[in-house]
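Peer 1: Structure provided below as structure tokens; questions to follow.
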Amino acid sequence: MAREFQRGHKARISDLTAGTDLYVGVQISGPGLTFDISCFGLDADERLSDDRYFIFYNQPKSPEESIQLLGAQAGDTESFRVTLERIPPQIQKLSFTATLDGAGQMSQIGPGYLRIVAGGEEVARYPFDGSEFSTERAVMLGDFYLKDVWRFAAVGQGFDGGLDALLKNFGGEVAEEETPEPAQPAADPGTGAVPGFAPPAPAPQPPAFGVPAAPPAPPAPAPRPAAQGFAPPPAPTPPPAPAPVPHGQPVQQQPYPQAPDQTAPLPPGYGRPQVPHPAPAPQSPPPGHGGQAPYGAPQGAVPPQTIPQGAPQPAGVGAALQKFRETPTGQRWTQQNDKLVRVDLGLGDQPVLARQGSMVLYQGKVDFSYKGAGFAGRIVGNATGQEMQLMRCTGKGQVFFADSSTMLHPIELQGDAVCVSAENVLAFDESLQYEVRRIEGHGIPGGALFTMQFQGTGTLVLKTHGTPVVLPVTPTTFADCNAVVAWSAAAQVIVSSQVRMRRNSYPGDTGESVNLQFRGAPGNFIVVQPYEI
Amino acid sequence: MNQPLAGYAPAPVTARMENHGDHMLKVALQTGNDLFARVGSMVAYEGFVQYEPNPPAVRQIAKDWMTGEGAPLMKCSGDGLLYLADYGADVVVIQLDGDGISVNATNLLAFDAQLTWGVERVKGLAKFAGQGLWNTKISGQGWVALTSRGKPIVVDCGGGEDETYVDPDALVAWSPNLKVKGKRSFKAGSLIGRGSGEAYQMAFSGQGIVVVQPSEDSTDRLRVRG
């Protein structure tokens, strides 16, 4: 899950992800605004000493390709690939900036974010919106900087000038380098920026390294061949509409970033329209919803091949329920999931005793009959509370047991013994012997505690409310007598009651009065549930 | 302050219906693509969503199902994200692809309004169970969400020789092409199922699946608690 950053937060990238091949996506938009999003590779003095590390639309990668501009995709207005370990040592800081192209100011932008994605999973996100800015025309969104290790800082600092001022701030020499005036308004659509400077860009390799959900391109007649197949004047943003794109402003205003690339899940919005052609929404989105206005849920009655790629499973009842299928058997007792066990009565050829009503399903010829405790058993049960309402399951077939979605734990006994309180027994092989054991102690209401002791060879299924804890028995192991479920019978039980007359004399005081202390050789254990009966 | 909770932010939407955790359903609603959901199951929503309890279409189809307590379904329409839950029950999302499923009414959480659906009383069982068991049969192209008290299990009906018997309180859903009949254990002293004396199961035969929850709690909490 992505960690949310706020302005000023810093973190080591190694704390966010183990990966060093990162995808950095920026989503920024506003009504009528266009943005240039670029990355400055700065040296230790925070100067742009090498202009080849100014990564922008006309220079989509650094010489050794450690920083690459990927264009708009997956809902991001602009995206970069940063390979940390390939960044040369003189580059100490990468600053990701967004500058306005044309009129406008930063206070007009809608909600946006900068995010880091590693291995297809978003690990960090810094959201921002226009309320944090005023008349600025540029903003430094976030930095990767090297301080012993690479770190990320959410900066969110506005900057009054445009891209050229930002360049000057970083020490770039605008005029001398014949860098195309980046902040120029889109006055020359079609021609692109000043030619000649842009390196002949061989298409960078496709972002198969972990761009969020880079799915196979759908068979739909999408208007983009691939985000990366750009020609020397790169136009990373495919046109969301048939209108010609001015090449000089690659970051097209994108009120509907989900329209062109309908394949990837759109993080900020609510899904995307499934129609393969972009044209989902009418023109003016409300300002507050610049990037997410259409709640583009999948259209109704769509043909199945345009199902969002995020739903990996094929459609259909069987496919949706595949993960809940019964697990294959082979053994007499099989745990199906943490709340269901299955017994195959055909294997082992002996009946199973189970709590009445715990059968949820059976297949085959199984006979259920009442299992009385017998006369003596009833008397003991009544007197001690350790009474089980049992049924005997005989025959050939498979029976599934469960009870009130409690967690089940099959315990295989091989000649050893275990003590369980009767209400935590779900089912057991009839070969096990059981008897009521008495734990004496002072201060126990009723004079004594009772428990069932099971021994022999076979399987016993325990049930617990919630995930239990299994503690080894040490000289100082205590448990609440209401929460303890079971313990290995070799452990000796001592009642340690804290009798405080003053406190106990108040009505309603249910303090932890009776505790059981356990003693035993190493290897003994107790099971305690997070639920006090 | 919100750092520890940040992990629970909703994930990006990738499908019309998705699980948020095990126990919550997230639906991406869209105009023109309405949703039927259990009344009272909404826990949160985002966007512009309107609710119409007891819409006429439901009244017609489910007229037998409703027993004076109002319609069990509401129609949700609009644009937004809708979060549904049923008292902590596990939610199972199914995308129907032209096939169908029969769902125990208690275990139905939501489904697309454009699906074909109908309500019927489970045959052969009404005379055993006190209140009867209502069964919603849903088919078509779209999404369905079920609830299950605890993680469910899916069992293949053997395909003929042996029937599969299910405790009706634990039954969640089954393939509509299965043959269903009630089975009562008449033997004296036979005490299976909930309570005592009333011992009955549902027998399924044919080719298909049965979905069972690990609990015999079949109370309709949304209805009982409003």
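Each chain in the structure tokens gets a letter, A, B and so on, in the order shown; residues start at 1 in every chain, and ligands are counted from 1 in the order they appear.
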I'd like the contact shell of range 17-28 of chain B - 6 Å cut-off, only C-alpha atoms, skipping same-chain residues fewer than 5 positions apart - returned as a PyMOL selection string.

Peer 2: (chain A and resi 297) or (chain B and resi 80-85+88-91)

Peer 1: If you run DSSP on this backbone, which residues of range 6-164 of chain B come out as strand (DSSP E), and could you give them as a ChimeraX atom specification?

Peer 2: /B:17-20,24-29,35-38,42-53,73-84,90-104,108-112,116-121,134-148,153-158,164

Peer 1: Pick the closest to Phe36 in chain B from B:Ser148, B:Asn135, B:Thr106, B:Gln114: which is it, counting only C-alpha atoms?

Peer 2: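 Residue with the minimum atom-to-atom distance to Phe36 in chain B: B:Gln114.
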
Peer 1: Can you work out the spacing between CA of Thr476 in chain A and CA of Glu423 in chain A in Å, to one decimal?

Peer 2: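 That distance, rounded to one decimal, is 26.2 Å.
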
Peer 1: Within 7 Å of chain A, which residues of chain B show up when using only C-alpha atoms, listed as a PyMOL selection string?

Peer 2: chain B and resi 6-7+12-16+28-30+33+79-80+93-97+99+141+149-150+152-155+162-167+170+189-194+214-217

Peer 1: Choose the residue, out of B:Leu146, B:Trp134, B:Pro72, B:Ile61, that has the smallest atom-to-atom separation from Trp117 in chain B; count only C-alpha atoms.

Peer 2: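 Ranked by minimum distance to Trp117 in chain B, first place goes to B:Ile61.
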
Peer 1: Counting only C-alpha atoms, which residue out of B:Arg38, B:Lys75, B:Lys181, B:Arg121 sits closest to Tyr51 in chain B?

Peer 2: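 Closest to Tyr51 in chain B of all the choices is B:Lys75.
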
Peer 1: If we count only C-alpha atoms and set the cut-off at 10 Å, which residues sit around Gln455 in chain A, ignoring sequence neighbours fewer than 4 positions away in its own chain? Please answer as a ChimeraX atom specification.

Peer 2: /A:413-419,431-435,459-460,489

Peer 1: Go ahead and write the residues just picked, N, CA and C atoms, as a short mmCIF file (atom, residue, chain, number, x, y, z; two decimals), in the first residue's frame.

Peer 2:
```cif
data_model
loop_
_atom_site.label_atom_id
_atom_site.label_comp_id
_atom_site.auth_asym_id
_atom_site.auth_seq_id
_atom_site.Cartn_x
_atom_site.Cartn_y
_atom_site.Cartn_z
N LEU A 413 -3.31 -36.42 17.74
CA LEU A 413 -2.74 -37.00 18.95
C LEU A 413 -2.16 -38.36 18.62
N GLN A 414 -0.97 -38.60 19.09
CA GLN A 414 -0.35 -39.92 18.89
C GLN A 414 0.05 -40.46 20.23
N GLY A 415 -0.94 -40.88 20.95
CA GLY A 415 -0.68 -41.44 22.26
C GLY A 415 -0.56 -40.42 23.35
N ASP A 416 -0.43 -39.17 23.02
CA ASP A 416 -0.32 -38.17 24.06
C ASP A 416 -1.70 -37.62 24.42
N ALA A 417 -1.72 -36.69 25.28
CA ALA A 417 -3.00 -36.23 25.80
C ALA A 417 -3.04 -34.72 25.79
N VAL A 418 -4.25 -34.23 25.72
CA VAL A 418 -4.44 -32.79 25.71
C VAL A 418 -5.71 -32.48 26.50
N CYS A 419 -5.68 -31.37 27.19
CA CYS A 419 -6.85 -30.94 27.95
C CYS A 419 -7.53 -29.81 27.21
N SER A 431 -11.92 -43.00 18.25
CA SER A 431 -10.89 -43.79 18.92
C SER A 431 -10.29 -43.06 20.10
N LEU A 432 -10.50 -41.78 20.20
CA LEU A 432 -9.93 -41.05 21.34
C LEU A 432 -10.77 -41.28 22.59
N GLN A 433 -10.05 -41.40 23.69
CA GLN A 433 -10.78 -41.48 24.95
C GLN A 433 -10.81 -40.10 25.59
N TYR A 434 -11.89 -39.86 26.27
CA TYR A 434 -11.97 -38.57 26.93
C TYR A 434 -12.63 -38.73 28.29
N GLU A 435 -12.23 -37.88 29.17
CA GLU A 435 -12.80 -37.91 30.50
C GLU A 435 -12.74 -36.50 31.07
N THR A 459 -7.48 -37.75 15.75
CA THR A 459 -7.47 -36.31 15.53
C THR A 459 -8.60 -35.66 16.31
N LEU A 460 -8.29 -34.54 16.87
CA LEU A 460 -9.26 -33.74 17.61
C LEU A 460 -9.30 -32.36 16.96
N ALA A 489 -1.54 -32.09 28.26
CA ALA A 489 -1.93 -32.64 29.55
C ALA A 489 -0.74 -32.87 30.46
#
```

Peer 1: Select, from A:Gly523, A:Gly458, A:Gly330, A:Pro111, the residue with the minimum atom-to-atom distance to Pro351 in chain A, counting only C-alpha atoms.

Peer 2: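 Of A:Gly523, A:Gly458, A:Gly330, A:Pro111, the one nearest Pro351 in chain A, counting only C-alpha atoms, is A:Gly458.
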
Peer 1: Which residues, written as a PyMOL selection string, have at least one atom at most 9 Å from Gly162 in chain A, with only C-alpha atoms counted and residues fewer than 2 positions away on the same chain left out?

Peer 2: chain A and resi 99-101+136-139+159-160+164-167+182-183

Peer 1: Please identify all polymer residues within 7 Å of Ser77 in chain B, counting only C-alpha atoms, omitting same-chain residues fewer than 4 positions from it, and present them as a PyMOL selection string.

Peer 2: chain B and resi 29+31+34-35+49-51

Peer 1: Emit the selected residues as a short mmCIF file (atom, residue, chain, number, x, y, z; two decimals), in the first residue's frame, including C-alpha atoms.

Peer 2:
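And here is the file that came out, result.cif:
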```cif
data_model
loop_
_atom_site.label_atom_id
_atom_site.label_comp_id
_atom_site.auth_asym_id
_atom_site.auth_seq_id
_atom_site.Cartn_x
_atom_site.Cartn_y
_atom_site.Cartn_z
CA LEU B 29 -21.46 3.29 -9.90
CA THR B 31 -25.25 6.64 -14.55
CA ASP B 34 -27.84 0.91 -11.72
CA LEU B 35 -27.34 -1.45 -8.87
CA VAL B 49 -25.54 8.41 -5.52
CA GLN B 50 -29.25 8.20 -5.02
CA TYR B 51 -31.15 5.44 -3.31
#
```

Peer 1: Have a look at CA of Ser421 in chain A and CA of Thr477 in chain A and let me know their distance in Å, one decimal.

Peer 2: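 So the two atoms, CA of Ser421 in chain A and CA of Thr477 in chain A, lie 18.3 Å apart.
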
Peer 1: Residues at most 6 Å from Trp174 in chain B, counting only C-alpha atoms, excluding those fewer than 6 positions away in the same chain, as JSON, numbers by chain?

Peer 2: {"B": [102, 209, 210, 211]}

Peer 1: Could the residues in this selection be saved with C-alpha atoms as a PDB file, in the first residue's frame?

Peer 2:
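Result file follows (part20.pdb):
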```
ATOM      1  CA  SER B 102     -28.954 -19.131  -7.237  1.00  0.00           C
ATOM      2  CA  ILE B 209     -21.300 -26.251  -7.478  1.00  0.00           C
ATOM      3  CA  VAL B 210     -22.574 -25.492  -4.013  1.00  0.00           C
ATOM      4  CA  VAL B 211     -21.202 -22.640  -1.899  1.00  0.00           C
TER       5      VAL B 211
END
```
